[in-house]
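Quick notes on the structure that follows.
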4 protein chains.
Amino acid sequence: MAEVLIGSEEYFKGIGKIHFEGKDSKNNLAFKFYDPSQTVAGKSMADHFKFAVAYWHSFCNTGNDPFGDGPKQYPWDQSSDILTRAKNKADAAFEFYTKLGVNYFCFHDVDLVDEGDADLSTYRKRLDEITDYTKAKMDASGVKLLWGTANLFSHPRYMNGASTNPDFHVVAYAGAQVKNAIDATIKLGGENYVFWGGREGYMSLLNTDMKRELDHMAQFLHCAKDYARNQGFTGTFFIEPKPMEPSKHQYDFDAATVIGFLRAYGLDNDFKLNLETNHATLANHTMEHEIQVAVDNNMLGSMDANRGDYQNGWDTDQFPVDLYELTQTCLILLESDGFQGGGINFDAKTRRNSTDLEDLFIAHIGGMDAFARAMLIAERILEESDYKKIRKSRYSTFDNGSGAEFEKGNLSLNDLSKIAHSSSHPSLISGKQEMLEYLINQYI
Amino acid sequence: MAEVLIGSEEYFKGIGKIHFEGKDSKNNLAFKFYDPSQTVAGKSMADHFKFAVAYWHSFCNTGNDPFGDGPKQYPWDQSSDILTRAKNKADAAFEFYTKLGVNYFCFHDVDLVDEGDADLSTYRKRLDEITDYTKAKMDASGVKLLWGTANLFSHPRYMNGASTNPDFHVVAYAGAQVKNAIDATIKLGGENYVFWGGREGYMSLLNTDMKRELDHMAQFLHCAKDYARNQGFTGTFFIEPKPMEPSKHQYDFDAATVIGFLRAYGLDNDFKLNLETNHATLANHTMEHEIQVAVDNNMLGSMDANRGDYQNGWDTDQFPVDLYELTQTCLILLESDGFQGGGINFDAKTRRNSTDLEDLFIAHIGGMDAFARAMLIAERILEESDYKKIRKSRYSTFDNGSGAEFEKGNLSLNDLSKIAHSSSHPSLISGKQEMLEYLINQYI
Amino acid sequence: MAEVLIGSEEYFKGIGKIHFEGKDSKNNLAFKFYDPSQTVAGKSMADHFKFAVAYWHSFCNTGNDPFGDGPKQYPWDQSSDILTRAKNKADAAFEFYTKLGVNYFCFHDVDLVDEGDADLSTYRKRLDEITDYTKAKMDASGVKLLWGTANLFSHPRYMNGASTNPDFHVVAYAGAQVKNAIDATIKLGGENYVFWGGREGYMSLLNTDMKRELDHMAQFLHCAKDYARNQGFTGTFFIEPKPMEPSKHQYDFDAATVIGFLRAYGLDNDFKLNLETNHATLANHTMEHEIQVAVDNNMLGSMDANRGDYQNGWDTDQFPVDLYELTQTCLILLESDGFQGGGINFDAKTRRNSTDLEDLFIAHIGGMDAFARAMLIAERILEESDYKKIRKSRYSTFDNGSGAEFEKGNLSLNDLSKIAHSSSHPSLISGKQEMLEYLINQYI
Amino acid sequence: MAEVLIGSEEYFKGIGKIHFEGKDSKNNLAFKFYDPSQTVAGKSMADHFKFAVAYWHSFCNTGNDPFGDGPKQYPWDQSSDILTRAKNKADAAFEFYTKLGVNYFCFHDVDLVDEGDADLSTYRKRLDEITDYTKAKMDASGVKLLWGTANLFSHPRYMNGASTNPDFHVVAYAGAQVKNAIDATIKLGGENYVFWGGREGYMSLLNTDMKRELDHMAQFLHCAKDYARNQGFTGTFFIEPKPMEPSKHQYDFDAATVIGFLRAYGLDNDFKLNLETNHATLANHTMEHEIQVAVDNNMLGSMDANRGDYQNGWDTDQFPVDLYELTQTCLILLESDGFQGGGINFDAKTRRNSTDLEDLFIAHIGGMDAFARAMLIAERILEESDYKKIRKSRYSTFDNGSGAEFEKGNLSLNDLSKIAHSSSHPSLISGKQEMLEYLINQYI
């Protein structure tokens with residue numbers, strides 16, 4: 001396969017294949033820590049992370065925000081012909097994947113080719129054509145599809161939601177769009193399929209029947225899941241929690257809320273979570289909390305990597321760089337079975353004013369290096385330090401004796417009371433938080 | 001029964017029975033809207049609300065905060081003898097209940113009588129004695145116990161949690177304390193029993209096995225529930241969600257999280273939610289959202305009424321005055337079956353610098369009036385305006401035809417897609433949010 | 001003058017002149033409280049408020065957000081000819097102003113006519129032509145310009161700021177644009193001129209010389225002010241504080257920050273503040289705090305009326321409806337001299353999914369009614385209640401004796417110490433917060 | 001002088017002098033990066049940082065919070081005699097300082113010796129006695145006083161503020177207390193004197209005359225400053241900004257607000273800022289922003305080092321560990337003249353459940369090491385990387401030509417406009433934020 005796959009035009013001129021140069025390199029266009037073939041805890045870095053590039057932020061988004069138009073002028077976005085433009089974009093994307101050295105990408109249907117004013121049939125034809133084109137590039141490059149999804153929030157028709165829209169006509173339309181996106185995902189060998197809530201939520205409770213909308217959402221997910229299974233899809237479905245934005249309240253608020261929803265509606269066998277850092281922090285959680293919740297419920301499917309800004313309250317989707325967040329994430333990944341089906345998709349965008357094409361490379365390289373370094377740090381913490389032992393020993397009174405009986409459900413409240421009466425007053429045992437924080441810092 | 005029950009000393013001198021004087025009264029010590037016997041939507045105000053006074057904030061809390069000692073010097077808190085002090089406090093409390101005209105109160109074990117350095121047996125004796133005293137006052141006044149609970153967070157022994165403490169000895173101690181609190185609740189005819197998370201959560205994930213702690217919490221709740229049922233308690237158990245404070249993360253984060261937890265551990269038949277306004281807003285929810293979530297899951301047990309401060313991030317527990325929050329709460333109460341077992345407990349405290357004894361009356365009167373007015377407003381909105389109709393008609397496409405088939409689970413994704421292909425493009429239907437907000441304002 | 005000014009086409013068909021119908025009306029298209037000619041505290045409502053409609057939100061903004069295109073399809077926005085489209089928009093705007101009965105509007109340069117790809121000279125010609133057209137409509141209707149401004153943030157050239165852009169070429173370009181906007185404002189008899197920070201701030205301190213940028217901003221404001229004064233402009237300049245968004249940090253963070261900036265750079269004689277509710281709350285202030293800060297510094301110029309959402313952290317610009325926020329605002333307005341030069345501009349937008357043209361009327365009517373009612377409530381509180389007296393009497397120890405000497409600067413620290421030694425210990429005097437909150441509720 | 005100064009009893013048994021062991025050490029009770037004598041950018045680490053220990057958190061605070069009593073039982077806090085207890089505490093403190101190897105401490109008056117029910121004269125006698133004792137220990141150990149202050153917020157008398165209290169009697173009392181604290185500071189050779197706002201702010205604007213309170217605060221600061229200068233004090237006064245807590249609104253909101261206040265009242269020659277990390281983040285600023293604001297205004301006096309929790313909204317005062325926050329702080333310190341008079345005081349507390357005495361050592365060692373490492377990182381970034389050059393070159397268009405003329409104030413708005421008309425359209429120049437973030441990560 002082609003190490004670097006360039007289309008009819010090279011878009012990232014002057015940038016070649018990104019190589020691992022080791023931690024002393026000062027080359028912005030080289031990896032200092034990410035060496036895909038290096039083994040960490042028995043698995044290659046590439047297999048641990050399964051890094052994916054997000055089509056939307058990296059190749060579609062020109063940087064518009066509520067206060068202005070996008071300043072990014074992509075050379076692949078200049079043709080007036082929709083399919084030519086889509087193919088140029090695919091060329092740029094695969095050039096980028098292969099130069100960067102990631103093995104995966106992710107997309108929404110309308111990332112691949114614009115919808116514009118097309119009706120359903122017209123758009124389906126476009127999608128078929130661009131997925132043919134994309135499939136050929138995947139074959140030529142070996143790059144795979146981590147997951148596909150349908151964009152059910154950008155078009156005005158979804159202004160009141162998609163599967164939770166109060167108007168059944170929109171629900172049906174969303175169904176048609178998801179069918180196409182599932183077909184495309186299967187065609188491209190997608191390993192998973194994602195539902196991000198988009199506008200599934202409400203702007204005001206005053207006009208909303210929340211229960212009815214949640215019933216509709218669950219029913220819709222059942223339809224989609226049944227269809228995909230009938231088509232032979234064996235991958236996992238993911239729900240991506242987010243607490244707010246664009247809606248005032250998003251139904252998929254956080255990991256705990258989504259897990260409760262999936263179980264209540266009998267969807268928990270087929271669906272897992274795709275967790276995003278910035279969504280976690282918008283919900284007043286740390287990312288490591290959300291990941292731990294998912295792991296503890298056997299629900300960690302995949303991750304959308306980015307970071308937020310702690311001084312404001314919206315989804316900034318900045319590239320991940322914080323070794324603290326990432327090390328704690330990697331600690332949990334290494335102590336558990338890691339992602340179930342998914343990997344790490346960079347759902348991150350360069351800042352609106354990062355208008356150089358090289359910025360896209362530097363941002364991804366910085367993010368991949370940060371993850372790689374965090375994984376190496378986590379490995380050393382787990383192998384060299386007392387980190388695990390300290391936590392485990394805090395619970396040692398439950399490992400045998402009355403504590404173990406309690407865990408087994410063999411003690412009544414009366415038993416507990418009797419034990420307390422016959423014991424000396426409990427000791428105050430330090431939580432050693434500062435020591436553990438200092439320990440983490442010693443390995444960073 | 002005594003209309004006003006005064007003990008050996010009158011504590012709120014100069015303040016008599018609080019009467020309803022109607023909306024034109026300017027008397028701070030009279031109700032303008034709360035008329036307990038007035039019927040709203042077929043039920044008396046007293047029965048709708050079941051207002052309760054919180055022992056801790058109103059009779060124990062002297063206003064200490066992390067930056068200073070409490071400035072409130074209560075006349076009932078001056079004796080150096082623990083039981084005398086406790087009885088004086090009970091006298092003050094029942095004087096207050098009966099002058100104010102509330103029918104309920106709520107307590108933690110240590111509100112009734114101080115624990116101090118007492119060991120379990122000594123404290124149990126104190127508790128027996130003060131509950132004898134309290135029961136007599138209840139009988140004499142007709143004031144009832146809405147719910148009881150155990151304070152499992154103030155004593156240093158609980159610094160790492162109670163039922164989720166990593167040390168089994170503390171779990172056992174908590175068991176003894178809950179047993180006593182349940183006994184006291186049953187003895188006083190308590191209608192419900194509450195668990196507020198206290199320090200059930202973590203300060204740092206680095207030293208925490210969240211899954212093991214949640215298992216312990218569930219096991220502990222089972223013990224408590226089984227014990228109470230064996231003792232003949234038929235009331236409901238409540239969990240009170242809170243997202244943070246005192247812990248960095250509280251396990252009972254919000255309504256959705258707690259409902260998921262109760263179901264996962266088989267506790268959902270015996271437990272419902274006790275929702276607090278300030279806890280809702282700390283979790284980035286409106287109170288009406290949390291109430292709606294509870295109602296939709298048949299889990300609305302009771303309410304801790306207060307309000308937070310939107311410009312800061314801790315639990316200020318201010319008295320409720322906001323007619324918007326309360327009207328939307330009452331709208332949901334009137335459209336549903338209301339509280340299941342519980343009522344409205346004022347888990348609110350006068351500001352630290354509200355040092356006049358009359359402030360406690362004014363604060364409660366203001367809160368009760370605000371609820372009463374909100375209920376009257378809600379009744380009119382539901383009876384006189386198009387409020388319900390507007391919301392219902394938004395979903396009318398699901399009331400019959402394909403939409404109804406979708407709701408019944410009779411349509412596949414293929415069916416949805418076919419319907420979409422054969423329909424015209426969905427219309428953009430205004431959500432009419434501004435109209436509904438204006439409508440609410442017209443009834444306030 | 002025309003009571004209702006309709007252009008070549010009527011855009012808001014079926015909606016006529018909005019009338020005052022009194023508080024029992026249930027007509028969404030009538031005022032219940034806002035009666036422009038009613039006198040409150042010696043001034044007509046119209047003169048107190050000087051309500052203005054914002055061109056951008058009401059006639060330009062189609063509802064795009066970071067997650068999707070705008071669903072609002074305005075009938076005045078359909079022509080492919082730039083000036084025809086601009087004139088149609090002006091027709092719609094003046095039809096709206098006159099039907100609604102507001103006397104003022106506000107604009108950015110590019111609201112009046114699109115910039116598109118025009119160079120400076122081309123755009124100036126467009127602006128001259130549309131201001132001719134606008135002036136004629138102003139003359140015909142009597143509607144006036146509260147303030148004008150230049151949009152220095154939407155065009156990609158301003159992605160790194162306008163007057164604080166690190167590239168001087170952009171600063172110069174901003175200068176040209178501001179010159180045009182000032183010329184247009186003067187031509188249309190604008191009573192004030194506004195600077196909203198836009199992207200004057202930073203995305204990252206790592207690449208920012210904050211001091212140099214603030215120096216540039218001040219220098220730029222001096223240039224603009226000097227130019228306008230030379231052209232005979234006698235109105236006031238306003239700065240509009242905002243703490244964040246679109247930038248991570250906006251230099252005009254809040255009222256106190258801007259006042260400090262204006263004084264440090266000698267701009268405080270010509271500039272005052274234009275305060276926006278949602279910006280206040282994003283800065284962790286109440287709106288009444290920001291207004292009081294401005295009043296206390298003689299800096300209250302004007303107000304951008306809207307409200308935010310307390311459960312999220314971005315600028316939602318919802319229409320004002322909260323009688324608490326507005327009553328407290330009106331209390332300060334009535335206790336001070338009110339706005340100096342400005343008035344109340346509805347910098348508010350209907351929700352993205354409020355797609356009916358009537359929604360724009362209902363939203364404004366609801367906002368104007370809320371202000372009118374709040375003003376009437378505030379008047380009664382000031383005239384009928386003890387509100388003012390309670391606050392004033394708290395400070396009575398400074399009205400004479402040693403307290404008054406202290407205020408005059410006649411006491412040293414030694415004097416204070418001696419007074420304290422010779423006095424009894426200070427009393428604890430209740431702040432009566434609950435009583436005051438209850439008082440406010442009694443007048444709402 | 002004594003390397004380690006132990007009093008009549010050794011309190012931190014088993015812990016000796018803390019030594020620098022280098023970065024490979026895993027000894028929790030040794031420095032890995034902080035080597036006081038190591039030179040960084042021409043100055044020893046000890047001189048750069050002037051680390052100080054806070055008396056209140058480290059030796060007085062037992063861990064009480066709004067939900068419970070403090071679990072920390074200090075061996076030096078057991079005597080029932082006030083002065084014995086105070087001397088034991090001083091013994092423990094100086095043992096700690098000298099074992100840890102810090103050269104400075106900071107105190108509030110009531111940290112040194114309890115106030116209890118003492119009247120002013122009685123307390124003054126206590127203070128005189130304990131400062132005699134403290135002075136002797138300072139002389140014996142060489143440990144110095146970075147700054148002193150008066151606690152004007154813990155005692156109930158200050159529940160409505162100290163210098164901003166509406167009751168003049170409290171202002172006078174605060175004056176007496178500040179006089180004592182200044183006397184004590186001078187006696188102990190304190191290098192600076194601090195005012196933290198405490199309860200200078202409001203709980204509700206409804207009962208507050210903000211302008212009058214600010215006038216009083218300024219007048220009080222003038223009194224204090226004049227007194228201290230008369231007594232020969234030549235150090236700097238610091239104000240410590242905080243936006244909220246304990247009050248709803250604190251007058252010293254943030255750096256910009258305080259600088260504006262100091263200038264408005266003519267206090268800016270004698271006062272500078274003492275910035276605290278957690279206060280910065282509560283005000284929605286980064287710490288580096290606040291430090292840069294202070295530096296740019298020549299107002300950086302000192303720093304209270306700690307960190308907050310980004311998932312909640314109160315002052316957690318955790319020990320600093322975050323290398324990102326600290327590196328960016330050190331970058332500004334090294335690029336400016338550093339602290340003017342002050343240093344780094346650990347205004348941080350071990351977690352409530354960190355009940356081992358060694359936790360206090362580990363927390364400080366971890367903090368000092370983090371600062372030392374951050375300073376070394378910052379030095380390398382400034383010396384080895386393009387960091388400074390990249391930022392400086394962004395502004396190069398202002399270094400000469402028209403841009404330089406603009407900076408000098410030689411261009412009018414007309415000039416700017418002409419320049420823009422005669423130039424090509426400005427380029428879009430990338431802000432290179434991701435590159436700079438990646439650069440920082442490469443040096444951590």
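Chain lettering (A, B, ...) mirrors the order of the structure tokens, residue numbering begins at 1 for each chain separately, and ligand numbering begins at 1 in order of display.
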
Expected answer as a PyMOL selection string: chain B residues within 7 Å of chain A, only C-alpha atoms:
chain B and resi 120+157+166-170+172-173+175-176+179+204+206-208+211+216+219+223-224+227+256-257+260+296+391+394-395+397-398+403+407+409+412-413+416-417+419-421+426+428+433+436

Near Glu379 (chain C), within 7 Å and counting only C-alpha atoms, which residues show up once chain neighbours fewer than 4 positions away are dropped, as a CSV table (one decimal) with N, CA and C atoms, in the first residue's frame?
```
chain,number,residue,atom,x,y,z
C,41,ALA,N,-42.9,58.2,37.8
C,41,ALA,CA,-41.9,59.1,38.4
C,41,ALA,C,-41.6,60.3,37.6
C,375,MET,N,-41.0,48.7,35.9
C,375,MET,CA,-40.8,50.1,36.3
C,375,MET,C,-42.0,50.5,37.2
C,383,GLU,N,-42.0,54.3,46.5
C,383,GLU,CA,-43.0,55.3,47.0
C,383,GLU,C,-43.7,54.7,48.2
```

Mind the document's chain letters and residue numbers, and return as a ChimeraX atom specification the residues of region 106-258 of chain B that DSSP labels helix (DSSP H, G or I).
/B:109-112,120-141,156-158,168-187,205-207,210-230,255-258

Long-range neighbours of Pro320 (chain D) as a PyMOL selection string, 7 Å cut-off, only C-alpha atoms, 5 positions minimum in chain
chain D and resi 305-307+367

Residues of the last selection are to be written out with N, CA and C atoms, as a PDB file, in the first residue's frame.
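Wrote it out as result.pdb, contents follow:
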```pdb
ATOM      1  N   ALA D 305      -0.067  30.966  46.583  1.00  0.00           N
ATOM      2  CA  ALA D 305      -0.039  29.802  45.697  1.00  0.00           C
ATOM      3  C   ALA D 305      -0.994  28.728  46.180  1.00  0.00           C
ATOM      4  N   ASN D 306      -1.814  28.260  45.283  1.00  0.00           N
ATOM      5  CA  ASN D 306      -2.665  27.102  45.519  1.00  0.00           C
ATOM      6  C   ASN D 306      -3.285  26.726  44.175  1.00  0.00           C
ATOM      7  N   ARG D 307      -4.318  25.946  44.193  1.00  0.00           N
ATOM      8  CA  ARG D 307      -5.061  25.720  42.959  1.00  0.00           C
ATOM      9  C   ARG D 307      -6.500  25.380  43.327  1.00  0.00           C
ATOM     10  N   GLY D 367       4.490  21.065  46.334  1.00  0.00           N
ATOM     11  CA  GLY D 367       4.278  22.397  45.782  1.00  0.00           C
ATOM     12  C   GLY D 367       5.580  23.089  45.432  1.00  0.00           C
TER      13      GLY D 367
END
```

Surrounding residues of Pro36 (chain D) excluding itself and chain neighbours under 2 positions, 12 Å, only C-alpha atoms, as a compact mmCIF listing (two decimals) with N, CA and C atoms, in the first residue's frame:
```
# COMPACT_ATOMS: atom_id res chain seq x y z
N ILE D 18 14.47 18.42 55.50
CA ILE D 18 14.18 17.96 54.13
C ILE D 18 15.31 18.39 53.21
N HIS D 19 15.86 17.43 52.50
CA HIS D 19 17.00 17.73 51.63
C HIS D 19 16.64 17.61 50.15
N PHE D 20 17.44 18.23 49.34
CA PHE D 20 17.34 18.07 47.89
C PHE D 20 18.06 16.78 47.50
N PHE D 31 13.29 16.86 48.32
CA PHE D 31 13.04 17.63 47.10
C PHE D 31 13.68 16.95 45.90
N LYS D 32 12.96 16.95 44.82
CA LYS D 32 13.52 16.42 43.57
C LYS D 32 13.97 17.56 42.64
N PHE D 33 13.34 18.72 42.77
CA PHE D 33 13.68 19.85 41.89
C PHE D 33 14.07 21.11 42.65
N TYR D 34 13.51 21.28 43.81
CA TYR D 34 13.79 22.51 44.54
C TYR D 34 15.13 22.42 45.27
N GLN D 38 20.31 26.69 43.92
CA GLN D 38 20.54 26.61 42.47
C GLN D 38 20.16 27.93 41.79
N THR D 39 21.00 28.34 40.88
CA THR D 39 20.75 29.60 40.18
C THR D 39 19.90 29.37 38.93
N VAL D 40 18.84 30.15 38.80
CA VAL D 40 18.01 30.14 37.60
C VAL D 40 17.91 31.58 37.11
N LYS D 43 19.51 34.16 39.48
CA LYS D 43 19.09 34.37 40.85
C LYS D 43 18.87 32.99 41.47
N SER D 44 19.10 32.85 42.74
CA SER D 44 18.89 31.54 43.37
C SER D 44 17.39 31.25 43.42
N MET D 45 17.06 29.98 43.43
CA MET D 45 15.65 29.59 43.56
C MET D 45 15.03 30.21 44.82
N ALA D 46 15.78 30.18 45.90
CA ALA D 46 15.25 30.71 47.16
C ALA D 46 14.87 32.19 47.00
N ASP D 47 15.68 32.93 46.29
CA ASP D 47 15.40 34.35 46.11
C ASP D 47 14.26 34.58 45.12
N HIS D 48 14.17 33.76 44.10
CA HIS D 48 13.05 33.89 43.16
C HIS D 48 11.72 33.73 43.89
N PHE D 49 11.64 32.69 44.69
CA PHE D 49 10.34 32.29 45.20
C PHE D 49 10.01 32.90 46.57
N LYS D 50 11.02 33.03 47.43
CA LYS D 50 10.73 33.44 48.81
C LYS D 50 9.49 32.69 49.34
N PHE D 51 9.59 31.37 49.35
CA PHE D 51 8.46 30.55 49.81
C PHE D 51 8.09 30.86 51.25
N LEU D 100 11.44 22.04 56.85
CA LEU D 100 11.10 22.14 55.43
C LEU D 100 12.14 22.98 54.67
N GLY D 101 12.72 23.94 55.38
CA GLY D 101 13.71 24.79 54.72
C GLY D 101 13.11 25.98 54.01
N VAL D 102 12.01 26.51 54.52
CA VAL D 102 11.49 27.77 53.97
C VAL D 102 11.97 28.91 54.85
N ASN D 103 12.14 30.06 54.26
CA ASN D 103 12.70 31.20 54.99
C ASN D 103 11.64 32.17 55.49
N MET D 368 6.54 22.99 46.32
CA MET D 368 7.83 23.66 46.06
C MET D 368 8.55 23.01 44.89
N ASP D 369 8.50 21.71 44.84
CA ASP D 369 9.09 21.01 43.70
C ASP D 369 8.42 21.41 42.39
N PHE D 371 6.93 24.22 41.67
CA PHE D 371 7.39 25.56 41.29
C PHE D 371 8.82 25.53 40.74
N ALA D 372 9.66 24.79 41.42
CA ALA D 372 11.06 24.74 40.99
C ALA D 372 11.17 24.16 39.59
```

Pairwise distance for CA of Asn269 (chain B) and CA of Gly198 (chain B), rounded to one decimal in Å
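Between CA of Asn269 (chain B) and CA of Gly198 (chain B) the gap is 22.7 Å.
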
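Compared by their closest atoms to Thr185 (chain D), and using only C-alpha atoms, the residues D:Gly343, D:Gly201, D:Pro75, D:Gly235 rank with D:Gly235 nearest.
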